[in-house]
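One file, data27.txt, carrying compact mmCIF, N, CA and C atoms:
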# COMPACT_ATOMS: atom_id res chain seq x y z
N ILE V 1 61.39 -53.85 4.58
CA ILE V 1 62.12 -53.37 5.75
C ILE V 1 62.60 -51.94 5.53
N VAL V 2 63.08 -51.65 4.31
CA VAL V 2 63.53 -50.30 4.00
C VAL V 2 62.37 -49.31 4.11
N GLY V 3 61.20 -49.70 3.56
CA GLY V 3 60.01 -48.83 3.63
C GLY V 3 59.59 -48.58 5.05
N LEU V 4 59.59 -49.61 5.86
CA LEU V 4 59.19 -49.49 7.27
C LEU V 4 60.16 -48.57 8.02
N GLY V 5 61.44 -48.82 7.86
CA GLY V 5 62.44 -48.02 8.58
C GLY V 5 62.50 -46.59 8.08
N GLY V 6 62.56 -46.41 6.77
CA GLY V 6 62.65 -45.07 6.20
C GLY V 6 61.41 -44.24 6.47
N GLY V 7 60.24 -44.84 6.28
CA GLY V 7 58.99 -44.13 6.53
C GLY V 7 58.83 -43.77 7.99
N GLY V 8 59.20 -44.70 8.87
CA GLY V 8 59.10 -44.44 10.31
C GLY V 8 60.03 -43.34 10.76
N LEU V 9 61.26 -43.34 10.23
CA LEU V 9 62.21 -42.27 10.56
C LEU V 9 61.73 -40.92 10.07
N ALA V 10 61.22 -40.88 8.85
CA ALA V 10 60.73 -39.61 8.30
C ALA V 10 59.54 -39.09 9.12
N GLU V 11 58.65 -39.99 9.52
CA GLU V 11 57.49 -39.57 10.30
C GLU V 11 57.91 -39.04 11.67
N ARG V 12 58.82 -39.74 12.35
CA ARG V 12 59.28 -39.29 13.66
C ARG V 12 60.01 -37.94 13.57
N ALA V 13 60.80 -37.77 12.52
CA ALA V 13 61.50 -36.49 12.34
C ALA V 13 60.51 -35.36 12.10
N HIS V 14 59.48 -35.62 11.30
CA HIS V 14 58.47 -34.60 11.04
C HIS V 14 57.71 -34.24 12.30
N LEU V 15 57.34 -35.24 13.09
CA LEU V 15 56.61 -34.99 14.33
C LEU V 15 57.46 -34.19 15.33
N ALA V 16 58.75 -34.49 15.41
CA ALA V 16 59.63 -33.74 16.31
C ALA V 16 59.77 -32.29 15.85
N LYS V 17 59.92 -32.08 14.55
CA LYS V 17 60.01 -30.73 14.01
C LYS V 17 58.70 -29.97 14.25
N LEU V 18 57.57 -30.64 14.06
CA LEU V 18 56.27 -30.02 14.30
C LEU V 18 56.13 -29.58 15.76
N SER V 19 56.57 -30.41 16.67
CA SER V 19 56.48 -30.06 18.09
C SER V 19 57.28 -28.80 18.40
N ARG V 20 58.48 -28.69 17.84
CA ARG V 20 59.29 -27.49 18.06
C ARG V 20 58.62 -26.25 17.46
N ARG V 21 58.07 -26.38 16.28
CA ARG V 21 57.40 -25.24 15.63
C ARG V 21 56.12 -24.86 16.37
N GLU V 22 55.38 -25.85 16.88
CA GLU V 22 54.17 -25.55 17.65
C GLU V 22 54.52 -24.78 18.92
N GLU V 23 55.63 -25.11 19.52
CA GLU V 23 56.06 -24.40 20.73
C GLU V 23 56.33 -22.93 20.43
N ARG V 24 56.90 -22.63 19.27
CA ARG V 24 57.21 -21.25 18.91
C ARG V 24 55.96 -20.41 18.63
N VAL V 25 54.84 -21.03 18.29
CA VAL V 25 53.60 -20.27 18.01
C VAL V 25 52.56 -20.47 19.11
N ARG V 26 53.00 -21.01 20.22
CA ARG V 26 52.09 -21.31 21.32
C ARG V 26 51.38 -20.07 21.86
N ASP V 27 52.00 -18.90 21.75
CA ASP V 27 51.43 -17.68 22.30
C ASP V 27 50.36 -17.05 21.41
N VAL V 28 50.13 -17.58 20.23
CA VAL V 28 49.09 -17.05 19.34
C VAL V 28 47.74 -17.60 19.78
N PHE V 29 46.80 -16.70 20.04
CA PHE V 29 45.43 -17.08 20.43
C PHE V 29 44.72 -17.60 19.18
N VAL V 30 44.07 -18.77 19.28
CA VAL V 30 43.39 -19.39 18.15
C VAL V 30 41.94 -19.65 18.52
N SER V 31 41.04 -19.33 17.59
CA SER V 31 39.61 -19.53 17.82
C SER V 31 38.93 -19.89 16.50
N ASP V 32 37.90 -20.72 16.59
CA ASP V 32 37.12 -21.01 15.39
C ASP V 32 35.86 -20.14 15.33
N ILE V 33 35.72 -19.20 16.26
CA ILE V 33 34.59 -18.28 16.28
C ILE V 33 34.70 -17.37 15.06
N GLY V 34 33.57 -17.13 14.40
CA GLY V 34 33.56 -16.34 13.18
C GLY V 34 33.79 -14.85 13.38
N SER V 35 33.71 -14.37 14.60
CA SER V 35 33.95 -12.95 14.86
C SER V 35 35.17 -12.80 15.77
N PHE V 36 35.58 -11.56 16.00
CA PHE V 36 36.74 -11.33 16.84
C PHE V 36 36.33 -11.46 18.30
N PRO V 37 36.87 -12.41 19.05
CA PRO V 37 36.49 -12.62 20.45
C PRO V 37 36.82 -11.40 21.32
N GLY V 38 36.01 -11.18 22.33
CA GLY V 38 36.27 -10.13 23.30
C GLY V 38 35.94 -8.74 22.82
N GLY V 39 35.13 -8.62 21.78
CA GLY V 39 34.73 -7.32 21.30
C GLY V 39 35.80 -6.56 20.55
N VAL V 40 36.86 -7.22 20.18
CA VAL V 40 37.94 -6.57 19.42
C VAL V 40 37.44 -6.29 18.01
N ASP V 41 37.75 -5.14 17.49
CA ASP V 41 37.36 -4.79 16.12
C ASP V 41 38.57 -4.24 15.38
N PRO V 42 39.45 -5.12 14.94
CA PRO V 42 40.68 -4.66 14.29
C PRO V 42 40.48 -4.45 12.79
N THR V 43 39.68 -3.47 12.43
CA THR V 43 39.34 -3.30 11.02
C THR V 43 40.56 -3.03 10.13
N THR V 44 41.59 -2.43 10.65
CA THR V 44 42.75 -2.14 9.82
C THR V 44 43.85 -3.20 9.93
N ASP V 45 43.83 -3.99 10.96
CA ASP V 45 44.91 -4.95 11.18
C ASP V 45 44.57 -6.37 10.77
N ALA V 46 43.34 -6.65 10.43
CA ALA V 46 42.93 -8.03 10.12
C ALA V 46 43.45 -8.45 8.74
N ALA V 47 43.87 -9.69 8.65
CA ALA V 47 44.37 -10.23 7.39
C ALA V 47 44.11 -11.72 7.33
N MET V 48 43.82 -12.22 6.16
CA MET V 48 43.64 -13.65 5.99
C MET V 48 45.00 -14.34 6.01
N VAL V 49 45.07 -15.44 6.75
CA VAL V 49 46.29 -16.25 6.78
C VAL V 49 45.92 -17.68 6.40
N MET V 50 46.92 -18.38 5.90
CA MET V 50 46.62 -19.71 5.40
C MET V 50 47.84 -20.61 5.52
N GLY V 51 47.58 -21.87 5.74
CA GLY V 51 48.62 -22.89 5.72
C GLY V 51 48.11 -24.05 4.90
N GLU V 52 48.96 -24.65 4.14
CA GLU V 52 48.53 -25.79 3.32
C GLU V 52 49.63 -26.82 3.29
N THR V 53 49.22 -28.07 3.27
CA THR V 53 50.21 -29.14 3.25
C THR V 53 49.67 -30.34 2.51
N VAL V 54 50.57 -31.08 1.93
CA VAL V 54 50.25 -32.36 1.29
C VAL V 54 51.25 -33.36 1.83
N ILE V 55 50.75 -34.42 2.43
CA ILE V 55 51.62 -35.44 3.00
C ILE V 55 51.21 -36.79 2.41
N ALA V 56 52.19 -37.55 1.99
CA ALA V 56 51.94 -38.87 1.43
C ALA V 56 52.39 -39.94 2.42
N THR V 57 51.69 -41.03 2.41
CA THR V 57 52.08 -42.16 3.24
C THR V 57 53.15 -42.97 2.51
N ASP V 58 53.92 -43.72 3.26
CA ASP V 58 54.90 -44.58 2.62
C ASP V 58 54.22 -45.86 2.14
N TYR V 59 54.88 -46.58 1.27
CA TYR V 59 54.28 -47.77 0.67
C TYR V 59 54.01 -48.87 1.69
N PHE V 60 54.83 -48.97 2.71
CA PHE V 60 54.62 -50.00 3.72
C PHE V 60 53.31 -49.76 4.47
N LYS V 61 53.05 -48.50 4.89
CA LYS V 61 51.80 -48.19 5.56
C LYS V 61 50.61 -48.38 4.63
N SER V 62 50.78 -48.03 3.37
CA SER V 62 49.71 -48.23 2.39
C SER V 62 49.38 -49.71 2.25
N PHE V 63 50.42 -50.53 2.23
CA PHE V 63 50.22 -51.98 2.13
C PHE V 63 49.46 -52.50 3.35
N LEU V 64 49.88 -52.07 4.55
CA LEU V 64 49.20 -52.51 5.76
C LEU V 64 47.75 -52.03 5.81
N ALA V 65 47.51 -50.81 5.33
CA ALA V 65 46.15 -50.27 5.32
C ALA V 65 45.27 -51.08 4.35
N LYS V 66 45.83 -51.50 3.24
CA LYS V 66 45.06 -52.32 2.29
C LYS V 66 44.69 -53.66 2.92
N LEU V 67 45.62 -54.23 3.68
CA LEU V 67 45.30 -55.47 4.38
C LEU V 67 44.19 -55.25 5.40
N ARG V 68 44.25 -54.12 6.10
CA ARG V 68 43.25 -53.80 7.12
C ARG V 68 41.86 -53.63 6.49
N LYS V 69 41.81 -53.08 5.27
CA LYS V 69 40.54 -52.90 4.58
C LYS V 69 39.83 -54.22 4.34
N VAL V 70 40.59 -55.28 4.17
CA VAL V 70 40.00 -56.59 3.93
C VAL V 70 39.16 -57.02 5.14
N PHE V 71 39.66 -56.73 6.34
CA PHE V 71 38.99 -57.18 7.55
C PHE V 71 38.11 -56.10 8.18
N GLY V 72 38.28 -54.87 7.75
CA GLY V 72 37.50 -53.77 8.31
C GLY V 72 38.15 -53.20 9.55
N GLY V 73 37.65 -52.08 9.99
CA GLY V 73 38.16 -51.43 11.18
C GLY V 73 38.86 -50.12 10.86
N GLU V 74 39.35 -49.46 11.89
CA GLU V 74 39.99 -48.16 11.73
C GLU V 74 41.36 -48.31 11.09
N LEU V 75 41.66 -47.41 10.18
CA LEU V 75 42.95 -47.42 9.50
C LEU V 75 43.88 -46.45 10.22
N GLY V 76 44.59 -46.96 11.20
CA GLY V 76 45.45 -46.13 12.04
C GLY V 76 46.54 -45.41 11.26
N ALA V 77 47.07 -46.03 10.22
CA ALA V 77 48.11 -45.39 9.42
C ALA V 77 47.57 -44.13 8.76
N TYR V 78 46.36 -44.18 8.28
CA TYR V 78 45.77 -43.01 7.63
C TYR V 78 45.35 -41.97 8.66
N ARG V 79 44.95 -42.40 9.83
CA ARG V 79 44.59 -41.45 10.89
C ARG V 79 45.82 -40.64 11.30
N SER V 80 46.96 -41.30 11.48
CA SER V 80 48.17 -40.58 11.85
C SER V 80 48.59 -39.62 10.74
N LEU V 81 48.34 -40.00 9.50
CA LEU V 81 48.64 -39.14 8.36
C LEU V 81 47.77 -37.87 8.41
N MET V 82 46.49 -38.02 8.73
CA MET V 82 45.57 -36.89 8.85
C MET V 82 45.99 -35.96 9.98
N VAL V 83 46.39 -36.53 11.11
CA VAL V 83 46.81 -35.72 12.26
C VAL V 83 48.05 -34.90 11.90
N ARG V 84 49.02 -35.52 11.26
CA ARG V 84 50.23 -34.80 10.86
C ARG V 84 49.91 -33.68 9.89
N ALA V 85 49.06 -33.97 8.91
CA ALA V 85 48.71 -32.96 7.91
C ALA V 85 47.97 -31.79 8.56
N ARG V 86 47.05 -32.08 9.46
CA ARG V 86 46.30 -31.02 10.14
C ARG V 86 47.23 -30.15 10.97
N ARG V 87 48.09 -30.79 11.76
CA ARG V 87 49.03 -30.03 12.59
C ARG V 87 49.94 -29.15 11.74
N GLU V 88 50.46 -29.69 10.65
CA GLU V 88 51.36 -28.94 9.76
C GLU V 88 50.65 -27.72 9.17
N ALA V 89 49.43 -27.89 8.67
CA ALA V 89 48.69 -26.78 8.07
C ALA V 89 48.41 -25.69 9.10
N VAL V 90 48.02 -26.08 10.32
CA VAL V 90 47.73 -25.09 11.36
C VAL V 90 49.00 -24.34 11.76
N VAL V 91 50.10 -25.05 11.92
CA VAL V 91 51.37 -24.40 12.29
C VAL V 91 51.78 -23.41 11.20
N GLN V 92 51.67 -23.78 9.95
CA GLN V 92 52.01 -22.87 8.86
C GLN V 92 51.16 -21.60 8.94
N MET V 93 49.86 -21.76 9.20
CA MET V 93 48.96 -20.62 9.30
C MET V 93 49.37 -19.70 10.45
N LEU V 94 49.68 -20.28 11.61
CA LEU V 94 50.06 -19.49 12.77
C LEU V 94 51.42 -18.81 12.57
N GLU V 95 52.34 -19.48 11.90
CA GLU V 95 53.64 -18.87 11.59
C GLU V 95 53.46 -17.66 10.67
N GLN V 96 52.56 -17.78 9.71
CA GLN V 96 52.29 -16.65 8.82
C GLN V 96 51.69 -15.48 9.61
N ALA V 97 50.79 -15.77 10.54
CA ALA V 97 50.20 -14.71 11.37
C ALA V 97 51.29 -14.00 12.18
N LYS V 98 52.20 -14.76 12.77
CA LYS V 98 53.28 -14.14 13.56
C LYS V 98 54.20 -13.29 12.68
N ARG V 99 54.50 -13.75 11.48
CA ARG V 99 55.34 -12.97 10.57
C ARG V 99 54.69 -11.63 10.23
N GLN V 100 53.37 -11.58 10.25
CA GLN V 100 52.63 -10.35 9.95
C GLN V 100 52.43 -9.50 11.20
N GLY V 101 52.99 -9.94 12.32
CA GLY V 101 52.89 -9.17 13.55
C GLY V 101 51.59 -9.37 14.32
N CYS V 102 50.86 -10.42 14.01
CA CYS V 102 49.59 -10.69 14.68
C CYS V 102 49.80 -11.66 15.83
N ASP V 103 48.92 -11.57 16.82
CA ASP V 103 49.02 -12.46 17.98
C ASP V 103 47.74 -13.26 18.21
N ALA V 104 46.83 -13.25 17.23
CA ALA V 104 45.58 -14.00 17.35
C ALA V 104 45.06 -14.35 15.96
N VAL V 105 44.35 -15.48 15.89
CA VAL V 105 43.71 -15.91 14.65
C VAL V 105 42.33 -16.42 15.00
N CYS V 106 41.31 -15.86 14.35
CA CYS V 106 39.95 -16.34 14.58
C CYS V 106 39.38 -16.87 13.26
N ASN V 107 38.20 -17.44 13.34
CA ASN V 107 37.50 -18.00 12.18
C ASN V 107 38.36 -19.05 11.47
N VAL V 108 39.03 -19.89 12.26
CA VAL V 108 39.90 -20.93 11.71
C VAL V 108 39.05 -22.03 11.08
N ARG V 109 39.40 -22.39 9.87
CA ARG V 109 38.72 -23.45 9.14
C ARG V 109 39.76 -24.41 8.58
N LEU V 110 39.46 -25.70 8.65
CA LEU V 110 40.32 -26.74 8.08
C LEU V 110 39.54 -27.44 6.97
N ASP V 111 40.11 -27.47 5.80
CA ASP V 111 39.45 -28.08 4.65
C ASP V 111 40.36 -29.11 4.02
N PRO V 112 39.84 -30.33 3.82
CA PRO V 112 40.64 -31.32 3.09
C PRO V 112 40.54 -31.05 1.59
N ALA V 113 41.54 -31.47 0.87
CA ALA V 113 41.53 -31.31 -0.59
C ALA V 113 41.84 -32.64 -1.23
N ASP V 114 41.19 -32.93 -2.34
CA ASP V 114 41.42 -34.17 -3.07
C ASP V 114 42.45 -33.89 -4.16
N LEU V 115 43.56 -34.56 -4.08
CA LEU V 115 44.61 -34.38 -5.09
C LEU V 115 44.72 -35.61 -5.96
N GLY V 116 44.20 -35.55 -7.11
CA GLY V 116 44.37 -36.64 -8.05
C GLY V 116 43.31 -37.71 -8.00
N GLY V 117 42.43 -37.68 -7.02
CA GLY V 117 41.35 -38.66 -6.95
C GLY V 117 41.86 -40.07 -6.98
N THR V 118 41.17 -40.91 -7.74
CA THR V 118 41.52 -42.33 -7.77
C THR V 118 42.82 -42.60 -8.51
N GLY V 119 43.27 -41.68 -9.36
CA GLY V 119 44.53 -41.89 -10.08
C GLY V 119 45.71 -42.00 -9.15
N VAL V 120 45.75 -41.19 -8.12
CA VAL V 120 46.84 -41.26 -7.15
C VAL V 120 46.74 -42.54 -6.35
N ARG V 121 45.53 -42.86 -5.90
CA ARG V 121 45.35 -44.06 -5.08
C ARG V 121 45.62 -45.34 -5.86
N SER V 122 45.35 -45.32 -7.16
CA SER V 122 45.55 -46.54 -7.94
C SER V 122 47.02 -46.92 -8.04
N ARG V 123 47.93 -45.98 -7.85
CA ARG V 123 49.36 -46.29 -7.89
C ARG V 123 49.87 -46.74 -6.52
N GLY V 124 48.98 -46.87 -5.56
CA GLY V 124 49.39 -47.36 -4.25
C GLY V 124 49.83 -46.28 -3.30
N MET V 125 49.70 -45.00 -3.68
CA MET V 125 50.13 -43.92 -2.80
C MET V 125 48.90 -43.17 -2.30
N THR V 126 48.83 -43.01 -1.00
CA THR V 126 47.75 -42.25 -0.41
C THR V 126 48.30 -40.91 0.05
N THR V 127 47.65 -39.84 -0.35
CA THR V 127 48.07 -38.51 0.06
C THR V 127 46.94 -37.83 0.83
N VAL V 128 47.33 -36.95 1.72
CA VAL V 128 46.38 -36.15 2.48
C VAL V 128 46.76 -34.69 2.26
N ALA V 129 45.78 -33.90 1.86
CA ALA V 129 46.01 -32.46 1.67
C ALA V 129 45.04 -31.71 2.57
N ILE V 130 45.56 -30.77 3.33
CA ILE V 130 44.74 -29.97 4.24
C ILE V 130 45.08 -28.50 4.01
N VAL V 131 44.05 -27.66 3.98
CA VAL V 131 44.23 -26.22 3.90
C VAL V 131 43.62 -25.63 5.17
N ALA V 132 44.41 -24.85 5.91
CA ALA V 132 43.94 -24.16 7.11
C ALA V 132 43.88 -22.67 6.78
N THR V 133 42.72 -22.05 7.06
CA THR V 133 42.58 -20.62 6.84
C THR V 133 42.04 -19.96 8.10
N GLY V 134 42.31 -18.68 8.24
CA GLY V 134 41.81 -17.94 9.38
C GLY V 134 42.04 -16.45 9.19
N THR V 135 41.53 -15.66 10.11
CA THR V 135 41.70 -14.21 10.08
C THR V 135 42.64 -13.83 11.21
N ALA V 136 43.80 -13.32 10.84
CA ALA V 136 44.80 -12.92 11.82
C ALA V 136 44.59 -11.46 12.20
N TYR V 137 44.85 -11.15 13.49
CA TYR V 137 44.69 -9.77 13.96
C TYR V 137 45.53 -9.56 15.20
N ARG V 138 45.65 -8.31 15.60
CA ARG V 138 46.36 -7.96 16.84
C ARG V 138 45.33 -7.69 17.91
N ARG V 139 45.52 -8.33 19.04
CA ARG V 139 44.62 -8.06 20.17
C ARG V 139 45.00 -6.74 20.81
N ARG V 140 44.02 -6.06 21.32
CA ARG V 140 44.30 -4.82 22.06
C ARG V 140 44.87 -5.19 23.41
N THR V 141 45.86 -4.46 23.83
CA THR V 141 46.48 -4.76 25.13
C THR V 141 46.19 -3.66 26.14
Mind turning the file's structure into structure tokens?
Amino acid sequence: IVGLGGGGLAERAHLAKLSRREERVRDVFVSDIGSFPGGVDPTTDAAMVMGETVIATDYFKSFLAKLRKVFGGELGAYRSLMVRARREAVVQMLEQAKRQGCDAVCNVRLDPADLGGTGVRSRGMTTVAIVATGTAYRRRT
């Protein structure tokens, strides 16, 4: 019960904080195109930006996911973990771009990272690590 309540509260608090932070970077243009959209060529203003996060699931969700593995099907607890990690990494990247005075990020890439391999999983803890990278620049106005 403690794991369920504590983990659920922590997840809801993180999601609420993420929503507020996403609102603050909403004006940053984001693209996965490898070049600068619209013919922009900011050779002096371009900079690599990055966000990275590692999020662990609580033991209660890990327990439920293990039960689900027995019967097969989608592991919703792990899917929500991936969504949170992806959102956090992207927000961090966009916040870094804004701190550098940029209003756009192109060539955005999301890469998962394996932290600890089977050693981490064998202790019953599942972690998700995501690295978001992109090229930040100022659009011409």
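The spacing separating CA of Asn107 (chain V) from CA of Arg24 (chain V) amounts to 21.1 Å.
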Which is closer to Ala132 (chain V) than all the others in V:Lys61, V:Val49, V:Leu81, V:Gly101, using only N, CA and C atoms?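 Under the stated criterion, the closest residue is V:Val49.
The smallest atom-to-atom distance between Ala136 (chain V) and any of V:Val91, V:Ala10, V:Ala46, V:Leu15, using all atoms listed in the file, is found for V:Ala46.
Computed from the coordinates, the CA of Arg99 (chain V) to CA of Val25 (chain V) distance equals 10.6 Å.
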For Tyr78 (chain V), which residue among V:Val128, V:Val54, V:Leu110, V:Met93 is the nearest when counting only C-alpha atoms?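 Comparing V:Val128, V:Val54, V:Leu110, V:Met93 against Tyr78 (chain V), the winner is V:Val128.
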Restricting to only N, CA and C atoms, whichever of V:Cys106, V:Glu74, V:Glu95, V:Pro112 is closest to Ser35 (chain V) is V:Cys106
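Going from atom C of Asp45 (chain V) to atom C of Cys102 (chain V) covers 9.0 Å.
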I'd like to know which of V:Arg79, V:Ala89, V:Gln96, V:Ala47 is closest to Gly134 (chain V), using all atoms listed in the file. V:Ala47
Mind checking which residues fall within 12 Å of region 85-88 of chain V, counting only C-alpha atoms, ignoring those fewer than 5 positions away in the same chain, and posting them as an MDAnalysis selection string? chainID V and resid 11 14:22 50:57 78:80 93:95 109:113 127:133
